[in-house]
$ cat coords-v7.cif   # mmCIF, N, CA, C and O atoms
data_entry
loop_
_atom_site.group_PDB
_atom_site.id
_atom_site.type_symbol
_atom_site.label_atom_id
_atom_site.label_comp_id
_atom_site.auth_asym_id
_atom_site.auth_seq_id
_atom_site.Cartn_x
_atom_site.Cartn_y
_atom_site.Cartn_z
ATOM 1 N N MET A 1 -105.008 82.926 26.655
ATOM 2 C CA MET A 1 -104.496 83.347 25.363
ATOM 3 C C MET A 1 -105.587 83.195 24.311
ATOM 4 O O MET A 1 -106.234 82.156 24.216
ATOM 5 N N LYS A 2 -105.788 84.218 23.513
ATOM 6 C CA LYS A 2 -106.837 84.222 22.522
ATOM 7 C C LYS A 2 -106.438 83.373 21.315
ATOM 8 O O LYS A 2 -105.339 83.501 20.790
ATOM 9 N N GLU A 3 -107.361 82.499 20.875
ATOM 10 C CA GLU A 3 -107.100 81.651 19.719
ATOM 11 C C GLU A 3 -107.289 82.471 18.441
ATOM 12 O O GLU A 3 -108.268 83.200 18.291
ATOM 13 N N ILE A 4 -106.339 82.350 17.533
ATOM 14 C CA ILE A 4 -106.417 83.060 16.261
ATOM 15 C C ILE A 4 -107.273 82.252 15.300
ATOM 16 O O ILE A 4 -107.044 81.064 15.093
ATOM 17 N N LYS A 5 -108.288 82.904 14.734
ATOM 18 C CA LYS A 5 -109.180 82.248 13.792
ATOM 19 C C LYS A 5 -108.454 82.038 12.466
ATOM 20 O O LYS A 5 -107.863 82.952 11.921
ATOM 21 N N LYS A 6 -108.502 80.816 11.975
ATOM 22 C CA LYS A 6 -107.849 80.510 10.704
ATOM 23 C C LYS A 6 -108.801 80.760 9.555
ATOM 24 O O LYS A 6 -109.996 80.517 9.649
ATOM 25 N N ARG A 7 -108.253 81.247 8.469
ATOM 26 C CA ARG A 7 -109.021 81.434 7.247
ATOM 27 C C ARG A 7 -109.248 80.076 6.593
ATOM 28 O O ARG A 7 -108.349 79.246 6.567
ATOM 29 N N THR A 8 -110.433 79.865 6.053
ATOM 30 C CA THR A 8 -110.727 78.597 5.405
ATOM 31 C C THR A 8 -111.265 78.810 3.993
ATOM 32 O O THR A 8 -111.743 79.901 3.651
ATOM 33 N N LEU A 9 -111.208 77.754 3.212
ATOM 34 C CA LEU A 9 -111.766 77.821 1.859
ATOM 35 C C LEU A 9 -113.281 77.927 1.885
ATOM 36 O O LEU A 9 -113.889 78.350 0.910
ATOM 37 N N TYR A 10 -113.892 77.554 2.996
ATOM 38 C CA TYR A 10 -115.345 77.704 3.131
ATOM 39 C C TYR A 10 -115.742 79.175 3.092
ATOM 40 O O TYR A 10 -116.873 79.511 2.768
ATOM 41 N N GLU A 11 -114.823 80.059 3.431
ATOM 42 C CA GLU A 11 -115.111 81.495 3.498
ATOM 43 C C GLU A 11 -114.597 82.284 2.307
ATOM 44 O O GLU A 11 -115.016 83.415 2.097
ATOM 45 N N CYS A 12 -113.645 81.757 1.568
ATOM 46 C CA CYS A 12 -112.974 82.540 0.540
ATOM 47 C C CYS A 12 -113.743 82.579 -0.774
ATOM 48 O O CYS A 12 -114.117 81.537 -1.332
ATOM 49 N N ALA A 13 -113.936 83.768 -1.286
ATOM 50 C CA ALA A 13 -114.657 83.959 -2.538
ATOM 51 C C ALA A 13 -113.874 83.469 -3.756
ATOM 52 O O ALA A 13 -114.433 83.374 -4.845
ATOM 53 N N HIS A 14 -112.599 83.140 -3.576
ATOM 54 C CA HIS A 14 -111.775 82.700 -4.703
ATOM 55 C C HIS A 14 -111.635 81.185 -4.797
ATOM 56 O O HIS A 14 -111.012 80.680 -5.722
ATOM 57 N N ALA A 15 -112.211 80.450 -3.858
ATOM 58 C CA ALA A 15 -112.165 78.984 -3.902
ATOM 59 C C ALA A 15 -113.159 78.497 -4.949
ATOM 60 O O ALA A 15 -114.286 78.976 -5.019
ATOM 61 N N ARG A 16 -112.717 77.568 -5.771
ATOM 62 C CA ARG A 16 -113.556 77.022 -6.842
ATOM 63 C C ARG A 16 -113.450 75.504 -6.854
ATOM 64 O O ARG A 16 -112.449 74.939 -6.429
ATOM 65 N N VAL A 17 -114.478 74.865 -7.381
ATOM 66 C CA VAL A 17 -114.477 73.416 -7.557
ATOM 67 C C VAL A 17 -114.609 73.146 -9.044
ATOM 68 O O VAL A 17 -115.458 73.721 -9.727
ATOM 69 N N LYS A 18 -113.731 72.267 -9.536
ATOM 70 C CA LYS A 18 -113.799 71.841 -10.935
ATOM 71 C C LYS A 18 -113.512 70.353 -10.960
ATOM 72 O O LYS A 18 -112.435 69.928 -10.527
ATOM 73 N N GLY A 19 -114.481 69.596 -11.411
ATOM 74 C CA GLY A 19 -114.312 68.152 -11.436
ATOM 75 C C GLY A 19 -114.153 67.619 -10.026
ATOM 76 O O GLY A 19 -115.005 67.812 -9.177
ATOM 77 N N GLU A 20 -113.027 66.995 -9.762
ATOM 78 C CA GLU A 20 -112.747 66.389 -8.457
ATOM 79 C C GLU A 20 -111.767 67.218 -7.626
ATOM 80 O O GLU A 20 -111.190 66.709 -6.675
ATOM 81 N N SER A 21 -111.570 68.490 -7.981
ATOM 82 C CA SER A 21 -110.569 69.319 -7.301
ATOM 83 C C SER A 21 -111.125 70.642 -6.811
ATOM 84 O O SER A 21 -112.032 71.209 -7.409
ATOM 85 N N ILE A 22 -110.533 71.124 -5.736
ATOM 86 C CA ILE A 22 -110.774 72.476 -5.231
ATOM 87 C C ILE A 22 -109.504 73.259 -5.549
ATOM 88 O O ILE A 22 -108.398 72.781 -5.310
ATOM 89 N N TYR A 23 -109.662 74.456 -6.092
ATOM 90 C CA TYR A 23 -108.499 75.265 -6.439
ATOM 91 C C TYR A 23 -108.778 76.733 -6.163
ATOM 92 O O TYR A 23 -109.913 77.127 -5.883
ATOM 93 N N CYS A 24 -107.738 77.544 -6.225
ATOM 94 C CA CYS A 24 -107.846 78.985 -6.044
ATOM 95 C C CYS A 24 -107.874 79.645 -7.418
ATOM 96 O O CYS A 24 -106.951 79.453 -8.213
ATOM 97 N N CYS A 25 -108.919 80.420 -7.701
ATOM 98 C CA CYS A 25 -109.013 81.070 -9.014
ATOM 99 C C CYS A 25 -107.994 82.196 -9.174
ATOM 100 O O CYS A 25 -107.797 82.698 -10.278
ATOM 101 N N LYS A 26 -107.322 82.579 -8.099
ATOM 102 C CA LYS A 26 -106.252 83.581 -8.174
ATOM 103 C C LYS A 26 -104.913 82.935 -8.520
ATOM 104 O O LYS A 26 -103.915 83.619 -8.685
ATOM 105 N N GLY A 27 -104.881 81.596 -8.577
ATOM 106 C CA GLY A 27 -103.672 80.896 -8.993
ATOM 107 C C GLY A 27 -102.757 80.427 -7.874
ATOM 108 O O GLY A 27 -101.709 79.857 -8.141
ATOM 109 N N TYR A 28 -103.146 80.628 -6.623
ATOM 110 C CA TYR A 28 -102.308 80.174 -5.519
ATOM 111 C C TYR A 28 -102.405 78.661 -5.359
ATOM 112 O O TYR A 28 -103.479 78.087 -5.534
ATOM 113 N N GLN A 29 -101.289 78.040 -5.020
ATOM 114 C CA GLN A 29 -101.294 76.605 -4.756
ATOM 115 C C GLN A 29 -101.768 76.378 -3.338
ATOM 116 O O GLN A 29 -101.213 76.941 -2.397
ATOM 117 N N LEU A 30 -102.790 75.555 -3.189
ATOM 118 C CA LEU A 30 -103.347 75.278 -1.869
ATOM 119 C C LEU A 30 -102.599 74.161 -1.160
ATOM 120 O O LEU A 30 -102.536 74.124 0.051
ATOM 121 N N HIS A 31 -102.059 73.255 -1.939
ATOM 122 C CA HIS A 31 -101.405 72.072 -1.387
ATOM 123 C C HIS A 31 -99.942 72.066 -1.809
ATOM 124 O O HIS A 31 -99.635 72.176 -2.996
ATOM 125 N N PRO A 32 -99.016 71.943 -0.856
ATOM 126 C CA PRO A 32 -97.587 72.063 -1.170
ATOM 127 C C PRO A 32 -96.960 70.843 -1.866
ATOM 128 O O PRO A 32 -95.896 70.957 -2.428
ATOM 129 N N ARG A 33 -97.623 69.721 -1.834
ATOM 130 C CA ARG A 33 -97.027 68.527 -2.439
ATOM 131 C C ARG A 33 -96.938 68.680 -3.944
ATOM 132 O O ARG A 33 -97.683 69.459 -4.551
ATOM 133 N N PRO A 34 -96.047 67.924 -4.580
ATOM 134 C CA PRO A 34 -95.922 67.997 -6.044
ATOM 135 C C PRO A 34 -97.261 67.740 -6.723
ATOM 136 O O PRO A 34 -98.055 66.927 -6.281
ATOM 137 N N GLY A 35 -97.489 68.473 -7.764
ATOM 138 C CA GLY A 35 -98.757 68.369 -8.489
ATOM 139 C C GLY A 35 -99.233 69.751 -8.879
ATOM 140 O O GLY A 35 -98.454 70.685 -9.013
ATOM 141 N N ASP A 36 -100.535 69.892 -9.026
ATOM 142 C CA ASP A 36 -101.097 71.162 -9.494
ATOM 143 C C ASP A 36 -101.473 72.120 -8.372
ATOM 144 O O ASP A 36 -101.949 73.223 -8.638
ATOM 145 N N GLY A 37 -101.281 71.717 -7.118
ATOM 146 C CA GLY A 37 -101.609 72.593 -5.995
ATOM 147 C C GLY A 37 -103.069 72.571 -5.613
ATOM 148 O O GLY A 37 -103.498 73.306 -4.729
ATOM 149 N N HIS A 38 -103.848 71.731 -6.267
ATOM 150 C CA HIS A 38 -105.273 71.620 -5.970
ATOM 151 C C HIS A 38 -105.486 70.641 -4.828
ATOM 152 O O HIS A 38 -104.608 69.862 -4.476
ATOM 153 N N VAL A 39 -106.684 70.663 -4.257
ATOM 154 C CA VAL A 39 -107.056 69.781 -3.153
ATOM 155 C C VAL A 39 -108.201 68.890 -3.636
ATOM 156 O O VAL A 39 -109.110 69.355 -4.332
ATOM 157 N N ASP A 40 -108.182 67.635 -3.244
ATOM 158 C CA ASP A 40 -109.224 66.695 -3.649
ATOM 159 C C ASP A 40 -110.568 67.087 -3.035
ATOM 160 O O ASP A 40 -110.644 67.418 -1.847
ATOM 161 N N ILE A 41 -111.607 67.024 -3.834
ATOM 162 C CA ILE A 41 -112.953 67.417 -3.395
ATOM 163 C C ILE A 41 -113.495 66.515 -2.287
ATOM 164 O O ILE A 41 -114.419 66.891 -1.569
ATOM 165 N N SER A 42 -112.913 65.338 -2.109
ATOM 166 C CA SER A 42 -113.390 64.432 -1.062
ATOM 167 C C SER A 42 -113.288 65.081 0.312
ATOM 168 O O SER A 42 -114.092 64.783 1.204
ATOM 169 N N ARG A 43 -112.330 65.973 0.495
ATOM 170 C CA ARG A 43 -112.198 66.679 1.780
ATOM 171 C C ARG A 43 -113.427 67.542 2.044
ATOM 172 O O ARG A 43 -113.919 67.622 3.162
ATOM 173 N N LEU A 44 -113.932 68.186 1.009
ATOM 174 C CA LEU A 44 -115.132 69.010 1.121
ATOM 175 C C LEU A 44 -116.350 68.126 1.373
ATOM 176 O O LEU A 44 -117.177 68.431 2.224
ATOM 177 N N ALA A 45 -116.441 67.008 0.656
ATOM 178 C CA ALA A 45 -117.570 66.090 0.806
ATOM 179 C C ALA A 45 -117.653 65.532 2.219
ATOM 180 O O ALA A 45 -118.749 65.338 2.757
ATOM 181 N N LYS A 46 -116.501 65.288 2.824
ATOM 182 C CA LYS A 46 -116.455 64.734 4.178
ATOM 183 C C LYS A 46 -116.604 65.807 5.251
ATOM 184 O O LYS A 46 -116.711 65.503 6.434
ATOM 185 N N GLY A 47 -116.564 67.072 4.844
ATOM 186 C CA GLY A 47 -116.689 68.162 5.817
ATOM 187 C C GLY A 47 -115.420 68.430 6.586
ATOM 188 O O GLY A 47 -115.451 69.003 7.669
ATOM 189 N N GLN A 48 -114.285 68.035 6.030
ATOM 190 C CA GLN A 48 -113.014 68.233 6.722
ATOM 191 C C GLN A 48 -112.631 69.705 6.749
ATOM 192 O O GLN A 48 -113.129 70.517 5.973
ATOM 193 N N ARG A 49 -111.729 70.008 7.637
ATOM 194 C CA ARG A 49 -111.226 71.374 7.790
ATOM 195 C C ARG A 49 -110.462 71.775 6.526
ATOM 196 O O ARG A 49 -109.645 71.024 6.025
ATOM 197 N N LEU A 50 -110.718 72.962 6.011
ATOM 198 C CA LEU A 50 -110.069 73.442 4.787
ATOM 199 C C LEU A 50 -109.305 74.734 5.054
ATOM 200 O O LEU A 50 -109.457 75.728 4.353
ATOM 201 N N ALA A 51 -108.468 74.722 6.081
ATOM 202 C CA ALA A 51 -107.644 75.884 6.436
ATOM 203 C C ALA A 51 -106.209 75.562 6.041
ATOM 204 O O ALA A 51 -105.508 74.864 6.754
ATOM 205 N N PHE A 52 -105.792 76.069 4.894
ATOM 206 C CA PHE A 52 -104.461 75.765 4.378
ATOM 207 C C PHE A 52 -103.503 76.922 4.626
ATOM 208 O O PHE A 52 -103.899 78.088 4.654
ATOM 209 N N LYS A 53 -102.237 76.579 4.782
ATOM 210 C CA LYS A 53 -101.212 77.573 5.119
ATOM 211 C C LYS A 53 -101.158 78.742 4.126
ATOM 212 O O LYS A 53 -101.088 79.893 4.548
ATOM 213 N N PRO A 54 -101.198 78.505 2.810
ATOM 214 C CA PRO A 54 -101.123 79.643 1.887
ATOM 215 C C PRO A 54 -102.262 80.655 2.073
ATOM 216 O O PRO A 54 -102.093 81.835 1.790
ATOM 217 N N CYS A 55 -103.392 80.214 2.554
ATOM 218 C CA CYS A 55 -104.547 81.106 2.728
ATOM 219 C C CYS A 55 -104.387 82.047 3.924
ATOM 220 O O CYS A 55 -104.992 83.119 3.952
ATOM 221 N N GLN A 56 -103.589 81.656 4.898
ATOM 222 C CA GLN A 56 -103.504 82.409 6.143
ATOM 223 C C GLN A 56 -102.922 83.810 5.967
ATOM 224 O O GLN A 56 -103.337 84.746 6.635
ATOM 225 N N ASP A 57 -101.976 83.959 5.074
ATOM 226 C CA ASP A 57 -101.356 85.272 4.843
ATOM 227 C C ASP A 57 -101.654 85.823 3.447
ATOM 228 O O ASP A 57 -100.993 86.747 2.996
ATOM 229 N N CYS A 58 -102.639 85.261 2.786
ATOM 230 C CA CYS A 58 -102.943 85.638 1.404
ATOM 231 C C CYS A 58 -103.470 87.072 1.320
ATOM 232 O O CYS A 58 -104.440 87.434 1.997
ATOM 233 N N LEU A 59 -102.834 87.876 0.498
ATOM 234 C CA LEU A 59 -103.264 89.266 0.311
ATOM 235 C C LEU A 59 -104.552 89.358 -0.501
ATOM 236 O O LEU A 59 -105.247 90.368 -0.461
ATOM 237 N N ASP A 60 -104.890 88.298 -1.243
ATOM 238 C CA ASP A 60 -106.093 88.298 -2.070
ATOM 239 C C ASP A 60 -107.283 87.613 -1.400
ATOM 240 O O ASP A 60 -108.340 87.481 -2.010
ATOM 241 N N PHE A 61 -107.113 87.150 -0.151
ATOM 242 C CA PHE A 61 -108.212 86.483 0.542
ATOM 243 C C PHE A 61 -109.402 87.429 0.594
ATOM 244 O O PHE A 61 -109.284 88.583 0.994
ATOM 245 N N ASP A 62 -110.552 86.954 0.144
ATOM 246 C CA ASP A 62 -111.764 87.769 0.092
ATOM 247 C C ASP A 62 -112.866 87.021 0.828
ATOM 248 O O ASP A 62 -113.482 86.114 0.277
ATOM 249 N N CYS A 63 -113.080 87.399 2.069
ATOM 250 C CA CYS A 63 -114.057 86.710 2.913
ATOM 251 C C CYS A 63 -115.467 87.001 2.421
ATOM 252 O O CYS A 63 -115.868 88.151 2.278
ATOM 253 N N MET A 64 -116.217 85.936 2.152
ATOM 254 C CA MET A 64 -117.583 86.118 1.652
ATOM 255 C C MET A 64 -118.637 85.850 2.718
ATOM 256 O O MET A 64 -119.811 85.727 2.415
ATOM 257 N N GLY A 65 -118.207 85.768 3.956
ATOM 258 C CA GLY A 65 -119.168 85.575 5.039
ATOM 259 C C GLY A 65 -118.557 84.817 6.195
ATOM 260 O O GLY A 65 -117.380 84.471 6.168
ATOM 261 N N PRO A 66 -119.366 84.542 7.201
ATOM 262 C CA PRO A 66 -118.858 83.837 8.371
ATOM 263 C C PRO A 66 -118.493 82.391 8.034
ATOM 264 O O PRO A 66 -118.994 81.834 7.059
ATOM 265 N N PRO A 67 -117.648 81.778 8.853
ATOM 266 C CA PRO A 67 -117.270 80.396 8.610
ATOM 267 C C PRO A 67 -118.477 79.458 8.691
ATOM 268 O O PRO A 67 -119.431 79.734 9.410
ATOM 269 N N VAL A 68 -118.411 78.375 7.945
ATOM 270 C CA VAL A 68 -119.447 77.351 7.999
ATOM 271 C C VAL A 68 -119.167 76.501 9.234
ATOM 272 O O VAL A 68 -118.043 76.047 9.437
ATOM 273 N N SER A 69 -120.178 76.293 10.038
ATOM 274 C CA SER A 69 -119.974 75.503 11.254
ATOM 275 C C SER A 69 -119.668 74.047 10.886
ATOM 276 O O SER A 69 -120.154 73.545 9.869
ATOM 277 N N PRO A 70 -118.852 73.381 11.696
ATOM 278 C CA PRO A 70 -118.478 71.992 11.397
ATOM 279 C C PRO A 70 -119.670 71.068 11.161
ATOM 280 O O PRO A 70 -119.618 70.192 10.305
ATOM 281 N N GLU A 71 -120.758 71.267 11.885
ATOM 282 C CA GLU A 71 -121.920 70.394 11.705
ATOM 283 C C GLU A 71 -122.660 70.637 10.388
ATOM 284 O O GLU A 71 -123.439 69.795 9.944
ATOM 285 N N ASP A 72 -122.413 71.771 9.737
ATOM 286 C CA ASP A 72 -123.055 72.074 8.453
ATOM 287 C C ASP A 72 -122.164 71.761 7.253
ATOM 288 O O ASP A 72 -122.559 71.992 6.115
ATOM 289 N N ARG A 73 -120.978 71.244 7.497
ATOM 290 C CA ARG A 73 -120.044 70.944 6.409
ATOM 291 C C ARG A 73 -120.252 69.530 5.888
ATOM 292 O O ARG A 73 -120.655 68.637 6.607
ATOM 293 N N GLY A 74 -119.909 69.358 4.614
ATOM 294 C CA GLY A 74 -119.916 68.030 4.007
ATOM 295 C C GLY A 74 -121.302 67.506 3.701
ATOM 296 O O GLY A 74 -122.299 68.025 4.170
ATOM 297 N N TRP A 75 -121.348 66.488 2.876
ATOM 298 C CA TRP A 75 -122.615 65.877 2.544
ATOM 299 C C TRP A 75 -122.573 64.350 2.660
ATOM 300 O O TRP A 75 -123.583 63.697 2.548
ATOM 301 N N LEU A 76 -121.406 63.805 2.916
ATOM 302 C CA LEU A 76 -121.305 62.357 3.128
ATOM 303 C C LEU A 76 -121.545 62.059 4.595
ATOM 304 O O LEU A 76 -121.079 62.789 5.478
ATOM 305 N N LYS A 77 -122.270 61.004 4.850
ATOM 306 C CA LYS A 77 -122.527 60.619 6.245
ATOM 307 C C LYS A 77 -121.227 60.193 6.900
ATOM 308 O O LYS A 77 -120.438 59.471 6.319
ATOM 309 N N LYS A 78 -121.028 60.653 8.108
ATOM 310 C CA LYS A 78 -119.840 60.263 8.856
ATOM 311 C C LYS A 78 -120.026 58.838 9.341
ATOM 312 O O LYS A 78 -121.094 58.484 9.846
ATOM 313 N N GLU A 79 -118.997 58.049 9.166
ATOM 314 C CA GLU A 79 -119.058 56.652 9.560
ATOM 315 C C GLU A 79 -119.143 56.526 11.073
ATOM 316 O O GLU A 79 -118.513 57.277 11.809
ATOM 317 N N ALA A 80 -119.922 55.566 11.524
ATOM 318 C CA ALA A 80 -120.045 55.307 12.953
ATOM 319 C C ALA A 80 -118.727 54.762 13.477
ATOM 320 O O ALA A 80 -118.069 53.976 12.830
ATOM 321 N N LYS A 81 -118.355 55.214 14.657
ATOM 322 C CA LYS A 81 -117.084 54.757 15.240
ATOM 323 C C LYS A 81 -117.300 53.581 16.149
ATOM 324 O O LYS A 81 -118.262 53.413 16.764
#
$ encode --input "coords-v7.cif" --output "structure tokens"
Amino acid sequence: MKEIKKRTLYECAHARVKGESIYCCKGYQLHPRPGDGHVDISRLAKGQRLAFKPCQDCLDFDCMGPPVSPEDRGWLKKEAK
């Protein structure tokens, strides 16, 4: 069975960072929990996966290139296990 590629904020031209938050400049809420719908920038710093449910069927998703490989994501050193 073929795996369906998920859309991520790493690829979307509408993802923006302001202060400590990642948000959609088109106004979509990325995070369903109560609040402003923004995502904490620490997820980006750690290189975590940024594939959110609202992005998967978004009619305004604008892919700006291929996905960023997991090894090229984030800028914080991963803690030794």
$ closest_residue --input "coords-v7.cif" --among "A:Lys53, A:Arg43, A:Arg7, A:His14" --to "Gly74 (chain A)" --atoms "only N, CA, C and O atoms"
A:Arg43
$ residues_around --input "coords-v7.cif" --residues "region 56-73 of chain A" --least-positions-apart "2" --cutoff "6 Å" --atoms "only C-alpha atoms" --output "MDAnalysis selection string"
chainID A and resid 7 11:13 47 53:54
$ atom_distance --input "coords-v7.cif" --atom1 "atom N of Ile22 (chain A)" --atom2 "atom N of Lys6 (chain A)"
20.3 Å
$ atom_distance --input "coords-v7.cif" --atom1 "CA of Ser21 (chain A)" --atom2 "atom C of Asp40 (chain A)"
4.8 Å
$ atom_distance --input "coords-v7.cif" --atom1 "atom C of Leu44 (chain A)" --atom2 "atom N of Leu30 (chain A)"
16.1 Å
$ resolve_selection --input "coords-v7.cif" --expression "the PyMOL selection byres (((chain A and resi 34-37 and name CA) around 12) and name CA)" --output "VMD selection string"
chain A and resid 21 to 25 27 to 33 38 to 40 52 54
$ select_by_dssp --input "coords-v7.cif" --residues "chain A" --states "strand (DSSP E or B)" --output "PDB file with N, CA, C and O atoms, in the frame of the given file"
ATOM      1  N   CYS A  12    -113.645  81.757   1.568  1.00  0.00           N
ATOM      2  CA  CYS A  12    -112.974  82.540   0.540  1.00  0.00           C
ATOM      3  C   CYS A  12    -113.743  82.579  -0.774  1.00  0.00           C
ATOM      4  O   CYS A  12    -114.117  81.537  -1.332  1.00  0.00           O
ATOM      5  N   ALA A  15    -112.211  80.450  -3.858  1.00  0.00           N
ATOM      6  CA  ALA A  15    -112.165  78.984  -3.902  1.00  0.00           C
ATOM      7  C   ALA A  15    -113.159  78.497  -4.949  1.00  0.00           C
ATOM      8  O   ALA A  15    -114.286  78.976  -5.019  1.00  0.00           O
ATOM      9  N   ARG A  16    -112.717  77.568  -5.771  1.00  0.00           N
ATOM     10  CA  ARG A  16    -113.556  77.022  -6.842  1.00  0.00           C
ATOM     11  C   ARG A  16    -113.450  75.504  -6.854  1.00  0.00           C
ATOM     12  O   ARG A  16    -112.449  74.939  -6.429  1.00  0.00           O
ATOM     13  N   VAL A  17    -114.478  74.865  -7.381  1.00  0.00           N
ATOM     14  CA  VAL A  17    -114.477  73.416  -7.557  1.00  0.00           C
ATOM     15  C   VAL A  17    -114.609  73.146  -9.044  1.00  0.00           C
ATOM     16  O   VAL A  17    -115.458  73.721  -9.727  1.00  0.00           O
ATOM     17  N   LYS A  18    -113.731  72.267  -9.536  1.00  0.00           N
ATOM     18  CA  LYS A  18    -113.799  71.841 -10.935  1.00  0.00           C
ATOM     19  C   LYS A  18    -113.512  70.353 -10.960  1.00  0.00           C
ATOM     20  O   LYS A  18    -112.435  69.928 -10.527  1.00  0.00           O
ATOM     21  N   SER A  21    -111.570  68.490  -7.981  1.00  0.00           N
ATOM     22  CA  SER A  21    -110.569  69.319  -7.301  1.00  0.00           C
ATOM     23  C   SER A  21    -111.125  70.642  -6.811  1.00  0.00           C
ATOM     24  O   SER A  21    -112.032  71.209  -7.409  1.00  0.00           O
ATOM     25  N   ILE A  22    -110.533  71.124  -5.736  1.00  0.00           N
ATOM     26  CA  ILE A  22    -110.774  72.476  -5.231  1.00  0.00           C
ATOM     27  C   ILE A  22    -109.504  73.259  -5.549  1.00  0.00           C
ATOM     28  O   ILE A  22    -108.398  72.781  -5.310  1.00  0.00           O
ATOM     29  N   TYR A  23    -109.662  74.456  -6.092  1.00  0.00           N
ATOM     30  CA  TYR A  23    -108.499  75.265  -6.439  1.00  0.00           C
ATOM     31  C   TYR A  23    -108.778  76.733  -6.163  1.00  0.00           C
ATOM     32  O   TYR A  23    -109.913  77.127  -5.883  1.00  0.00           O
ATOM     33  N   CYS A  24    -107.738  77.544  -6.225  1.00  0.00           N
ATOM     34  CA  CYS A  24    -107.846  78.985  -6.044  1.00  0.00           C
ATOM     35  C   CYS A  24    -107.874  79.645  -7.418  1.00  0.00           C
ATOM     36  O   CYS A  24    -106.951  79.453  -8.213  1.00  0.00           O
ATOM     37  N   VAL A  39    -106.684  70.663  -4.257  1.00  0.00           N
ATOM     38  CA  VAL A  39    -107.056  69.781  -3.153  1.00  0.00           C
ATOM     39  C   VAL A  39    -108.201  68.890  -3.636  1.00  0.00           C
ATOM     40  O   VAL A  39    -109.110  69.355  -4.332  1.00  0.00           O
ATOM     41  N   ASP A  40    -108.182  67.635  -3.244  1.00  0.00           N
ATOM     42  CA  ASP A  40    -109.224  66.695  -3.649  1.00  0.00           C
ATOM     43  C   ASP A  40    -110.568  67.087  -3.035  1.00  0.00           C
ATOM     44  O   ASP A  40    -110.644  67.418  -1.847  1.00  0.00           O
ATOM     45  N   CYS A  63    -113.080  87.399   2.069  1.00  0.00           N
ATOM     46  CA  CYS A  63    -114.057  86.710   2.913  1.00  0.00           C
ATOM     47  C   CYS A  63    -115.467  87.001   2.421  1.00  0.00           C
ATOM     48  O   CYS A  63    -115.868  88.151   2.278  1.00  0.00           O
TER      49      CYS A  63
END
$ select_by_dssp --input "coords-v7.cif" --residues "chain A" --states "helix (DSSP H, G or I)" --output "ChimeraX atom specification"
/A:42-45,53-56,70-72
$ closest_residue --input "coords-v7.cif" --among "A:Tyr10, A:Leu76, A:Lys26, A:Gly19" --to "Arg49 (chain A)" --atoms "only N, CA, C and O atoms"
A:Tyr10
$ build_atoms --input "coords-v7.cif" --residues "region 31-35 of chain A" --atoms "all heavy atoms" --output "CSV table (one decimal), in the coordinates of the input"
chain,number,residue,atom,x,y,z
A,31,HIS,N,-102.1,73.3,-1.9
A,31,HIS,CA,-101.4,72.1,-1.4
A,31,HIS,C,-99.9,72.1,-1.8
A,31,HIS,O,-99.6,72.2,-3.0
A,31,HIS,CB,-102.1,70.8,-1.9
A,31,HIS,CG,-102.0,69.6,-1.0
A,31,HIS,ND1,-100.9,68.8,-1.1
A,31,HIS,CD2,-102.7,69.2,0.0
A,31,HIS,CE1,-101.0,67.8,-0.2
A,31,HIS,NE2,-102.1,68.1,0.5
A,32,PRO,N,-99.0,71.9,-0.9
A,32,PRO,CA,-97.6,72.1,-1.2
A,32,PRO,C,-97.0,70.8,-1.9
A,32,PRO,O,-95.9,71.0,-2.4
A,32,PRO,CB,-96.9,72.3,0.2
A,32,PRO,CG,-97.9,71.6,1.1
A,32,PRO,CD,-99.2,71.8,0.6
A,33,ARG,N,-97.6,69.7,-1.8
A,33,ARG,CA,-97.0,68.5,-2.4
A,33,ARG,C,-96.9,68.7,-3.9
A,33,ARG,O,-97.7,69.5,-4.6
A,33,ARG,CB,-97.9,67.3,-2.1
A,33,ARG,CG,-97.8,67.0,-0.6
A,33,ARG,CD,-98.4,65.6,-0.3
A,33,ARG,NE,-98.2,65.4,1.1
A,33,ARG,CZ,-99.2,64.9,1.9
A,33,ARG,NH1,-100.4,64.7,1.4
A,33,ARG,NH2,-99.0,64.7,3.1
A,34,PRO,N,-96.0,67.9,-4.6
A,34,PRO,CA,-95.9,68.0,-6.0
A,34,PRO,C,-97.3,67.7,-6.7
A,34,PRO,O,-98.1,66.9,-6.3
A,34,PRO,CB,-94.9,66.9,-6.4
A,34,PRO,CG,-94.1,66.7,-5.1
A,34,PRO,CD,-95.1,67.0,-4.0
A,35,GLY,N,-97.5,68.5,-7.8
A,35,GLY,CA,-98.8,68.4,-8.5
A,35,GLY,C,-99.2,69.8,-8.9
A,35,GLY,O,-98.5,70.7,-9.0
